[in-house]
$ cat structure.pdb   # PDB, C-alpha atoms
ATOM      1  CA  MET A  20      -7.231 -17.557 -11.841
ATOM      2  CA  PRO A  21     -10.306 -19.210 -10.326
ATOM      3  CA  ALA A  22     -13.398 -17.006 -10.571
ATOM      4  CA  LYS A  23     -13.788 -16.675  -6.789
ATOM      5  CA  GLN A  24     -10.107 -16.437  -5.845
ATOM      6  CA  PRO A  25      -9.423 -13.130  -4.043
ATOM      7  CA  ILE A  26      -7.090 -10.834  -5.914
ATOM      8  CA  ALA A  27      -4.443  -8.397  -4.710
ATOM      9  CA  VAL A  28      -2.708  -5.837  -6.917
ATOM     10  CA  ILE A  29       0.859  -4.589  -6.598
ATOM     11  CA  LEU A  30       1.586  -1.449  -8.598
ATOM     12  CA  THR A  31       5.042  -0.232  -9.560
ATOM     13  CA  ALA A  32       6.470   2.710 -11.481
ATOM     14  CA  LEU A  33       9.809   1.478 -12.843
ATOM     15  CA  PRO A  34      10.860  -1.674 -14.732
ATOM     16  CA  LEU A  35      13.273  -2.742 -11.981
ATOM     17  CA  GLU A  36      10.451  -2.422  -9.411
ATOM     18  CA  TYR A  37       8.146  -4.481 -11.614
ATOM     19  CA  ASP A  38      10.790  -7.181 -12.084
ATOM     20  CA  ALA A  39      11.388  -7.408  -8.319
ATOM     21  CA  VAL A  40       7.694  -8.076  -7.672
ATOM     22  CA  ARG A  41       7.146 -10.323 -10.693
ATOM     23  CA  ALA A  42       9.876 -12.644  -9.415
ATOM     24  CA  HIS A  43       7.423 -13.714  -6.680
ATOM     25  CA  LEU A  44       4.654 -14.808  -9.081
ATOM     26  CA  ARG A  45       4.047 -18.551  -9.332
ATOM     27  CA  GLY A  46       1.729 -20.886 -11.199
ATOM     28  CA  ASP A  47       0.202 -20.180 -14.602
ATOM     29  CA  ILE A  48       1.196 -16.539 -15.151
ATOM     30  CA  LYS A  49      -1.051 -14.737 -17.611
ATOM     31  CA  GLU A  50      -0.980 -11.267 -19.108
ATOM     32  CA  LEU A  51      -4.320  -9.467 -19.107
ATOM     33  CA  VAL A  52      -4.989  -6.378 -21.232
ATOM     34  CA  HIS A  53      -7.597  -3.752 -20.413
ATOM     35  CA  ASP A  54      -9.678  -2.329 -23.285
ATOM     36  CA  ASP A  55      -7.714   0.921 -22.922
ATOM     37  CA  GLY A  56      -4.366  -0.874 -23.149
ATOM     38  CA  THR A  57      -3.260  -1.131 -19.509
ATOM     39  CA  ARG A  58      -1.555  -4.471 -18.868
ATOM     40  CA  VAL A  59      -1.133  -6.639 -15.783
ATOM     41  CA  GLU A  60       0.424 -10.034 -15.228
ATOM     42  CA  VAL A  61      -1.478 -12.332 -12.897
ATOM     43  CA  GLY A  62      -0.211 -15.417 -11.082
ATOM     44  CA  SER A  63      -0.468 -16.998  -7.669
ATOM     45  CA  LEU A  64       1.428 -16.089  -4.521
ATOM     46  CA  GLU A  65       2.933 -19.153  -2.886
ATOM     47  CA  GLY A  66       1.841 -19.679   0.702
ATOM     48  CA  SER A  67      -1.291 -17.551   0.382
ATOM     49  CA  PRO A  68      -4.843 -17.735  -0.994
ATOM     50  CA  TRP A  69      -4.261 -14.695  -3.210
ATOM     51  CA  ALA A  70      -4.132 -14.268  -6.941
ATOM     52  CA  LEU A  71      -1.550 -11.518  -7.455
ATOM     53  CA  ALA A  72      -1.657  -8.976 -10.294
ATOM     54  CA  VAL A  73       1.391  -6.821 -11.039
ATOM     55  CA  ALA A  74       1.404  -3.648 -13.117
ATOM     56  CA  GLU A  75       4.051  -1.130 -14.213
ATOM     57  CA  LEU A  76       2.409   2.288 -14.446
ATOM     58  CA  GLY A  77       5.263   4.703 -15.068
ATOM     59  CA  GLU A  78       6.202   7.707 -12.947
ATOM     60  CA  GLY A  79       4.130  10.392 -11.239
ATOM     61  CA  ALA A  80       1.220  10.711  -8.829
ATOM     62  CA  MET A  81      -1.355  11.870 -11.402
ATOM     63  CA  ASN A  82      -0.544   8.938 -13.658
ATOM     64  CA  ALA A  83      -0.731   6.580 -10.664
ATOM     65  CA  ALA A  84      -4.122   7.931  -9.590
ATOM     66  CA  ALA A  85      -5.675   7.584 -13.051
ATOM     67  CA  LEU A  86      -4.369   4.091 -13.776
ATOM     68  CA  THR A  87      -5.031   2.843 -10.234
ATOM     69  CA  THR A  88      -8.675   3.882 -10.628
ATOM     70  CA  GLN A  89      -8.833   2.030 -13.936
ATOM     71  CA  ILE A  90      -7.226  -1.151 -12.573
ATOM     72  CA  VAL A  91      -9.372  -1.199  -9.436
ATOM     73  CA  GLY A  92     -12.560  -0.879 -11.487
ATOM     74  CA  TRP A  93     -11.343  -3.637 -13.808
ATOM     75  CA  LEU A  94      -9.963  -6.258 -11.402
ATOM     76  CA  ARG A  95     -11.923  -5.421  -8.223
ATOM     77  CA  PRO A  96      -9.046  -6.334  -5.857
ATOM     78  CA  GLN A  97      -9.358  -6.639  -2.088
ATOM     79  CA  ALA A  98      -5.862  -5.272  -1.445
ATOM     80  CA  LEU A  99      -3.655  -2.820  -3.288
ATOM     81  CA  PHE A 100       0.031  -1.957  -2.799
ATOM     82  CA  PHE A 101       2.371   0.546  -4.392
ATOM     83  CA  VAL A 102       5.867  -0.903  -4.140
ATOM     84  CA  GLY A 103       9.229   0.480  -5.222
ATOM     85  CA  VAL A 104      12.200   2.636  -4.297
ATOM     86  CA  ALA A 105      12.460   5.969  -2.494
ATOM     87  CA  GLY A 106      14.902   8.463  -1.064
ATOM     88  CA  GLY A 107      15.581   8.370   2.664
ATOM     89  CA  LEU A 108      14.906  11.455   4.791
ATOM     90  CA  LYS A 109      16.253  10.379   8.192
ATOM     91  CA  ASP A 110      19.788   9.635   9.334
ATOM     92  CA  ASP A 111      18.694   6.388  10.995
ATOM     93  CA  VAL A 112      17.013   5.096   7.807
ATOM     94  CA  GLU A 113      19.778   3.505   5.784
ATOM     95  CA  ILE A 114      20.090   2.565   2.135
ATOM     96  CA  GLY A 115      18.544  -0.893   1.783
ATOM     97  CA  ASP A 116      16.024  -0.344   4.591
ATOM     98  CA  VAL A 117      12.293  -0.567   3.852
ATOM     99  CA  VAL A 118       9.671   1.996   4.892
ATOM    100  CA  VAL A 119       6.057   0.851   5.244
ATOM    101  CA  GLY A 120       3.812   3.881   4.917
ATOM    102  CA  THR A 121       1.648   4.333   7.998
ATOM    103  CA  TRP A 122       0.674   7.647   6.367
ATOM    104  CA  VAL A 123       1.243   9.052   2.886
ATOM    105  CA  TYR A 124       1.583  12.836   2.543
ATOM    106  CA  ALA A 125       0.908  14.731  -0.684
ATOM    107  CA  VAL A 126       3.367  17.551  -0.089
ATOM    108  CA  HIS A 127       2.645  20.146  -2.780
ATOM    109  CA  GLY A 128      -0.637  21.564  -1.445
ATOM    110  CA  GLY A 129      -0.385  25.052  -0.001
ATOM    111  CA  LYS A 130      -0.487  28.796  -0.515
ATOM    112  CA  HIS A 131       2.398  31.154  -1.283
ATOM    113  CA  THR A 132       2.037  34.442   0.613
ATOM    114  CA  PRO A 133       4.305  37.477   1.170
ATOM    115  CA  GLU A 134       5.066  35.962   4.579
ATOM    116  CA  GLY A 135       6.079  32.609   3.075
ATOM    117  CA  PHE A 136       4.531  29.271   2.141
ATOM    118  CA  ASN A 137       1.523  28.068   4.116
ATOM    119  CA  ALA A 138       1.213  24.318   3.765
ATOM    120  CA  ARG A 139      -2.187  22.753   3.121
ATOM    121  CA  PRO A 140      -1.277  19.103   3.451
ATOM    122  CA  LYS A 141      -3.341  16.161   2.319
ATOM    123  CA  SER A 142      -2.680  12.757   3.819
ATOM    124  CA  TRP A 143      -4.031   9.219   3.799
ATOM    125  CA  PRO A 144      -3.402   6.497   6.400
ATOM    126  CA  GLY A 145      -2.257   3.060   5.409
ATOM    127  CA  SER A 146      -5.039   0.502   5.787
ATOM    128  CA  ASN A 147      -5.144  -0.669   9.404
ATOM    129  CA  ARG A 148      -5.571  -4.272   8.254
ATOM    130  CA  LEU A 149      -2.434  -4.072   6.102
ATOM    131  CA  VAL A 150      -0.424  -2.066   8.635
ATOM    132  CA  GLN A 151      -1.211  -4.686  11.272
ATOM    133  CA  ALA A 152      -0.208  -7.442   8.843
ATOM    134  CA  ALA A 153       3.013  -5.521   8.167
ATOM    135  CA  ARG A 154       3.840  -5.250  11.873
ATOM    136  CA  SER A 155       3.521  -9.021  12.121
ATOM    137  CA  ALA A 156       5.386  -9.748   8.887
ATOM    138  CA  VAL A 157       8.461  -7.634   9.570
ATOM    139  CA  ARG A 158       9.039  -9.367  12.902
ATOM    140  CA  ASP A 159       9.827 -12.508  10.902
ATOM    141  CA  LEU A 160      12.115 -10.767   8.382
ATOM    142  CA  ARG A 161      15.303 -10.773  10.416
ATOM    143  CA  GLU A 162      17.474 -10.219   7.346
ATOM    144  CA  LEU A 163      16.260  -6.649   6.707
ATOM    145  CA  ARG A 164      15.416  -3.441   8.579
ATOM    146  CA  ALA A 165      11.889  -2.123   8.218
ATOM    147  CA  HIS A 166      10.340   1.080   9.549
ATOM    148  CA  LEU A 167       6.604   1.697   9.880
ATOM    149  CA  LYS A 168       6.612   5.438   9.340
ATOM    150  CA  PRO A 169       5.030   8.159   7.159
ATOM    151  CA  ILE A 170       6.109   8.635   3.543
ATOM    152  CA  ALA A 171       6.142  11.941   1.640
ATOM    153  CA  CYS A 172       5.028  11.989  -1.986
ATOM    154  CA  ALA A 173       6.017  14.714  -4.466
ATOM    155  CA  ASP A 174       6.185  14.957  -8.243
ATOM    156  CA  VAL A 175       9.885  15.789  -8.045
ATOM    157  CA  VAL A 176      13.097  13.828  -7.682
ATOM    158  CA  LEU A 177      14.822  15.188  -4.581
ATOM    159  CA  ALA A 178      18.589  15.090  -5.113
ATOM    160  CA  ASP A 179      19.657  18.032  -2.944
ATOM    161  CA  ASP A 180      19.114  17.829   0.806
ATOM    162  CA  ARG A 181      20.118  21.520   1.132
ATOM    163  CA  SER A 182      17.451  22.828  -1.228
ATOM    164  CA  THR A 183      14.518  25.041  -0.257
ATOM    165  CA  PHE A 184      12.183  22.145  -1.024
ATOM    166  CA  ALA A 185      14.127  19.815   1.283
ATOM    167  CA  ASP A 186      13.879  22.420   4.055
ATOM    168  CA  GLU A 187      10.118  22.637   3.471
ATOM    169  CA  ILE A 188       9.779  18.860   3.821
ATOM    170  CA  ARG A 189      11.754  18.879   7.072
ATOM    171  CA  ARG A 190       9.655  21.713   8.529
ATOM    172  CA  THR A 191       6.185  20.617   7.468
ATOM    173  CA  TYR A 192       6.437  16.823   7.223
ATOM    174  CA  ASN A 193       9.214  16.201   9.711
ATOM    175  CA  ASP A 194       8.089  12.688  10.641
ATOM    176  CA  ALA A 195       8.328  11.462   7.031
ATOM    177  CA  CYS A 196      11.120   8.912   6.597
ATOM    178  CA  ALA A 197      11.071   8.563   2.804
ATOM    179  CA  ILE A 198      10.158  10.571  -0.285
ATOM    180  CA  GLU A 199       8.804   9.179  -3.542
ATOM    181  CA  MET A 200       6.542  10.134  -6.471
ATOM    182  CA  GLU A 201       3.482   7.900  -6.853
ATOM    183  CA  GLY A 202       2.098   6.752  -3.513
ATOM    184  CA  SER A 203      -0.350   9.604  -2.904
ATOM    185  CA  GLY A 204      -2.040   9.064  -6.270
ATOM    186  CA  ALA A 205      -2.502   5.352  -5.661
ATOM    187  CA  VAL A 206      -3.799   5.617  -2.094
ATOM    188  CA  HIS A 207      -6.121   8.497  -2.992
ATOM    189  CA  ALA A 208      -7.660   6.343  -5.733
ATOM    190  CA  ALA A 209      -7.981   3.449  -3.279
ATOM    191  CA  HIS A 210      -9.597   5.743  -0.701
ATOM    192  CA  LEU A 211     -12.258   6.806  -3.228
ATOM    193  CA  ASN A 212     -13.091   3.138  -3.788
ATOM    194  CA  GLY A 213     -14.350   2.619  -0.248
ATOM    195  CA  GLN A 214     -13.418  -0.698   1.370
ATOM    196  CA  LEU A 215     -10.181  -1.265  -0.586
ATOM    197  CA  ASP A 216      -7.169  -1.884   1.687
ATOM    198  CA  ALA A 217      -4.094  -0.017   0.437
ATOM    199  CA  LEU A 218      -0.468   0.364   1.520
ATOM    200  CA  VAL A 219       2.710   1.981   0.154
ATOM    201  CA  ILE A 220       5.987   0.119   0.691
ATOM    202  CA  ARG A 221       9.324   1.610  -0.367
ATOM    203  CA  GLY A 222      12.905   0.425  -0.282
ATOM    204  CA  ILE A 223      15.486   3.143   0.368
ATOM    205  CA  SER A 224      17.847   3.438  -2.603
ATOM    206  CA  ASP A 225      19.502   6.797  -1.778
ATOM    207  CA  ARG A 226      19.516   9.571   0.806
ATOM    208  CA  ALA A 227      17.770  12.176  -1.389
ATOM    209  CA  ASN A 228      20.974  14.212  -1.517
ATOM    210  CA  ARG A 229      23.740  15.166  -3.946
ATOM    211  CA  ASP A 230      25.186  11.660  -3.807
ATOM    212  CA  LYS A 231      22.033  10.102  -5.279
ATOM    213  CA  HIS A 232      23.675   9.366  -8.648
ATOM    214  CA  GLN A 233      26.517   7.516  -6.922
ATOM    215  CA  ALA A 234      24.095   5.388  -4.917
ATOM    216  CA  ASP A 235      22.076   4.576  -8.042
ATOM    217  CA  ALA A 236      25.236   3.601  -9.934
ATOM    218  CA  SER A 237      26.163   1.151  -7.164
ATOM    219  CA  GLY A 238      23.045  -0.953  -7.792
ATOM    220  CA  SER A 239      21.162   0.373  -4.781
ATOM    221  CA  GLN A 240      17.887   0.723  -6.698
ATOM    222  CA  GLU A 241      17.768  -2.967  -7.603
ATOM    223  CA  ARG A 242      18.550  -4.021  -4.036
ATOM    224  CA  ALA A 243      16.009  -1.603  -2.549
ATOM    225  CA  ALA A 244      13.306  -2.758  -4.984
ATOM    226  CA  GLU A 245      13.962  -6.402  -4.079
ATOM    227  CA  GLN A 246      13.733  -5.612  -0.354
ATOM    228  CA  ALA A 247      10.469  -3.711  -0.801
ATOM    229  CA  ALA A 248       8.987  -6.527  -2.886
ATOM    230  CA  SER A 249       9.977  -9.079  -0.233
ATOM    231  CA  VAL A 250       8.205  -7.070   2.454
ATOM    232  CA  ALA A 251       5.103  -6.595   0.286
ATOM    233  CA  VAL A 252       4.638 -10.311  -0.365
ATOM    234  CA  ALA A 253       5.343 -11.109   3.306
ATOM    235  CA  VAL A 254       2.581  -8.675   4.276
ATOM    236  CA  LEU A 255       0.230 -10.235   1.755
ATOM    237  CA  ARG A 256       0.909 -13.730   3.105
ATOM    238  CA  LYS A 257      -0.121 -12.469   6.547
ATOM    239  CA  HIS A 258      -3.158 -10.570   5.262
ATOM    240  CA  ARG A 259      -6.393 -12.556   5.090
ATOM    241  CA  PRO A 260      -9.128 -12.006   2.483
ATOM    242  CA  ARG A 261     -12.296 -10.411   3.773
ATOM    243  CA  GLY A 262     -14.847 -12.930   4.989
ATOM    244  CA  GLY A 263     -12.191 -15.509   5.905
ATOM    245  CA  SER A 264     -11.189 -16.805   9.330
ATOM    246  CA  ASP A 265      -7.896 -18.067  10.702
ATOM    247  CA  ASP A 266      -9.713 -20.381  13.109
ATOM    248  CA  GLU A 267     -12.736 -22.123  11.671
ATOM    249  CA  GLU A 268     -13.472 -23.858  14.994
ATOM    250  CA  GLY A 269     -13.211 -20.725  17.110
ATOM    251  CA  PRO A 270     -15.690 -17.930  17.783
ATOM    252  CA  GLN A 271     -17.779 -16.762  14.872
ATOM    253  CA  GLN A 272     -16.007 -14.234  12.690
ATOM    254  CA  ARG A 273     -17.473 -11.504  10.594
ATOM    255  CA  GLY A 274     -18.524 -13.170   7.367
ATOM    256  CA  ASP A 275     -19.954 -16.290   9.035
ATOM    257  CA  SER A 276     -23.476 -16.566   7.603
ATOM    258  CA  SER A 277     -24.903 -18.671  10.432
ATOM    259  CA  ALA A 278     -27.463 -17.151  12.800
ATOM    260  CA  THR A 279     -28.174 -17.906  16.433
ATOM    261  CA  TYR A 280     -31.504 -17.581  18.149
ATOM    262  CA  GLY A 281     -32.424 -16.911  21.775
ATOM    263  CA  GLY A 282     -35.977 -15.954  22.623
ATOM    264  CA  ASP A 283     -36.746 -12.696  20.853
ATOM    265  CA  HIS A 284     -33.066 -12.100  19.968
ATOM    266  CA  ILE A 285     -31.790 -13.006  16.503
ATOM    267  CA  ASP A 286     -28.036 -12.687  15.901
ATOM    268  CA  PHE A 287     -27.319 -11.823  12.268
ATOM    269  CA  ARG A 288     -23.507 -11.756  12.457
ATOM    270  CA  GLY A 289     -22.142 -11.978   8.930
ATOM    271  CA  GLY A 290     -25.286 -10.441   7.447
ATOM    272  CA  THR A 291     -26.244  -6.831   6.932
ATOM    273  CA  PHE A 292     -26.540  -6.304  10.695
ATOM    274  CA  HIS A 293     -23.489  -7.151  12.811
ATOM    275  CA  GLY A 294     -24.859  -7.845  16.296
ATOM    276  CA  PRO A 295     -28.216  -8.677  17.833
ATOM    277  CA  VAL A 296     -31.442  -7.459  16.249
ATOM    278  CA  ILE A 297     -34.276  -7.258  18.767
ATOM    279  CA  GLY A 298     -37.881  -7.471  17.633
ATOM    280  CA  LYS A 299     -41.214  -7.504  19.358
ATOM    281  CA  GLN A 300     -44.188  -9.667  18.385
ATOM    282  CA  THR A 301     -47.530  -7.882  18.454
ATOM    283  CA  GLY A 302     -51.083  -9.043  17.846
ATOM    284  CA  ARG A 303     -53.082  -8.047  14.793
TER     285      ARG A 303
END

$ encode --input "structure.pdb" --output "structure tokens"
Amino acid sequence: MPAKQPIAVILTALPLEYDAVRAHLRGDIKELVHDDGTRVEVGSLEGSPWALAVAELGEGAMNAAALTTQIVGWLRPQALFFVGVAGGLKDDVEIGDVVVGTWVYAVHGGKHTPEGFNARPKSWPGSNRLVQAARSAVRDLRELRAHLKPIACADVVLADDRSTFADEIRRTYNDACAIEMEGSGAVHAAHLNGQLDALVIRGISDRANRDKHQADASGSQERAAEQAASVAVAVLRKHRPRGGSDDEEGPQQRGDSSATYGGDHIDFRGGTFHGPVIGKQTGR
């Protein structure tokens, strides 16, 4: 990839999720290997300025957090996604739908007391820039149903909607529309890296109930992974790299290095100061 080309990273947990995203890579696809062995494939994303790196991390939030931190420090991306499949938690979210995580909840924090479990939730919002790009992108994707809603993340596979754990999710995180295993680790790592835009996107492959094995056997995971990957790349095509502008002839955008002068006002938009800096000349 060109040295100055902005890079986005899409992380996955499972081979079928990786394959669904990799199918969107174009150009001269290269495999890069970190000194510690982590591998990504990098290509271009048609219809966008982005170089796109794809990685398969394996399952679990702790694993996702550690390897996301490593990949971010290595590739220095501007945008990061975790993309894959999930179980649906709402009756109006159907198998094959896609949930874009406006929030990601880490659901295991809490305290067990004689009176019951007191939740101590941790949560991270999806990047506003990516959520806004997602709202725009899904309007154009007439062939699928997408929901911009919270996602719950737990290091368990939920396959019983009558379990105590399922009841806990409904009570404490009752606006969550999907449950999965890695998103909280990835977005927490992105949050610790400051300006990195991050978003979790999940295709619904089952209803997180006792029929999960039947849904998986029907090929629902492959279809859900493909739908989630399609939404992720549509979002990325809408999302603009930092410092860019959609209208070069329009008003100055953040990142424009030009300055304007008017009397004792100097406008440093695009520099360290965003807005007018007012000085006063004095005699010596």

$ atom_distance --input "structure.pdb" --atom1 "atom CA of Lys130 of chain A" --atom2 "atom CA of Pro144 of chain A"
23.5 Å

$ resolve_selection --input "structure.pdb" --expression "the PyMOL selection byres ((chain A and resi 230-242) around 8)" --output "PyMOL selection string"
chain A and resi 35-36+39+104+114-115+178+223-229+243-246

$ closest_residue --input "structure.pdb" --among "A:Ala125, A:Val254, A:Met200, A:Ala209" --to "Gly77 of chain A" --atoms "all atoms listed in the file"
A:Met200

$ closest_atom_pairs --input "structure.pdb" --of "segment 147-260 of chain A" --to "segment 84-96 of chain A" --cutoff "7 Å" --atoms "all atoms listed in the file" --output "JSON lines"
{"residue": "A:Gly204", "atom": "CA", "partner": "A:Ala84", "partner_atom": "CA", "distance": 4.1}
{"residue": "A:Ala205", "atom": "CA", "partner": "A:Ala84", "partner_atom": "CA", "distance": 5.0}
{"residue": "A:His207", "atom": "CA", "partner": "A:Ala84", "partner_atom": "CA", "distance": 6.9}
{"residue": "A:Ala208", "atom": "CA", "partner": "A:Ala84", "partner_atom": "CA", "distance": 5.5}

$ write_last_selection --input "structure.pdb" --atoms "C-alpha atoms" --output "CSV table (one decimal), keeping the file's coordinate frame"
chain,number,residue,atom,x,y,z
A,204,GLY,CA,-2.0,9.1,-6.3
A,205,ALA,CA,-2.5,5.4,-5.7
A,207,HIS,CA,-6.1,8.5,-3.0
A,208,ALA,CA,-7.7,6.3,-5.7

$ resolve_selection --input "structure.pdb" --expression "the PyMOL selection byres ((chain A and resi 43-47) around 6)" --output "CSV table (one decimal) with C-alpha atoms, in the coordinates of the input"
chain,number,residue,atom,x,y,z
A,40,VAL,CA,7.7,-8.1,-7.7
A,41,ARG,CA,7.1,-10.3,-10.7
A,42,ALA,CA,9.9,-12.6,-9.4
A,48,ILE,CA,1.2,-16.5,-15.2
A,62,GLY,CA,-0.2,-15.4,-11.1
A,63,SER,CA,-0.5,-17.0,-7.7
A,64,LEU,CA,1.4,-16.1,-4.5

$ atom_distance --input "structure.pdb" --atom1 "atom CA of Leu177 of chain A" --atom2 "atom CA of Asp110 of chain A"
15.8 Å

$ closest_residue --input "structure.pdb" --among "A:Ala248, A:His210, A:Phe136, A:Leu30" --to "Arg190 of chain A" --atoms "all atoms listed in the file"
A:Phe136

$ residues_around --input "structure.pdb" --residues "Val28 of chain A" --least-positions-apart "6" --cutoff "7 Å" --atoms "only C-alpha atoms" --output "PyMOL selection string"
chain A and resi 71-73+96+98-100

$ atom_distance --input "structure.pdb" --atom1 "atom CA of Asp194 of chain A" --atom2 "atom CA of Leu149 of chain A"
20.3 Å

$ residues_near_point --input "structure.pdb" --point "(-1.8, -11.1, 1.1)" --cutoff "8 Å" --atoms "all atoms listed in the file" --output "PyMOL selection string"
chain A and resi 27+67-69+98+252-260

$ closest_residue --input "structure.pdb" --among "A:Val117, A:Ala185, A:Val59, A:Cys172" --to "Leu160 of chain A" --atoms "only C-alpha atoms"
A:Val117
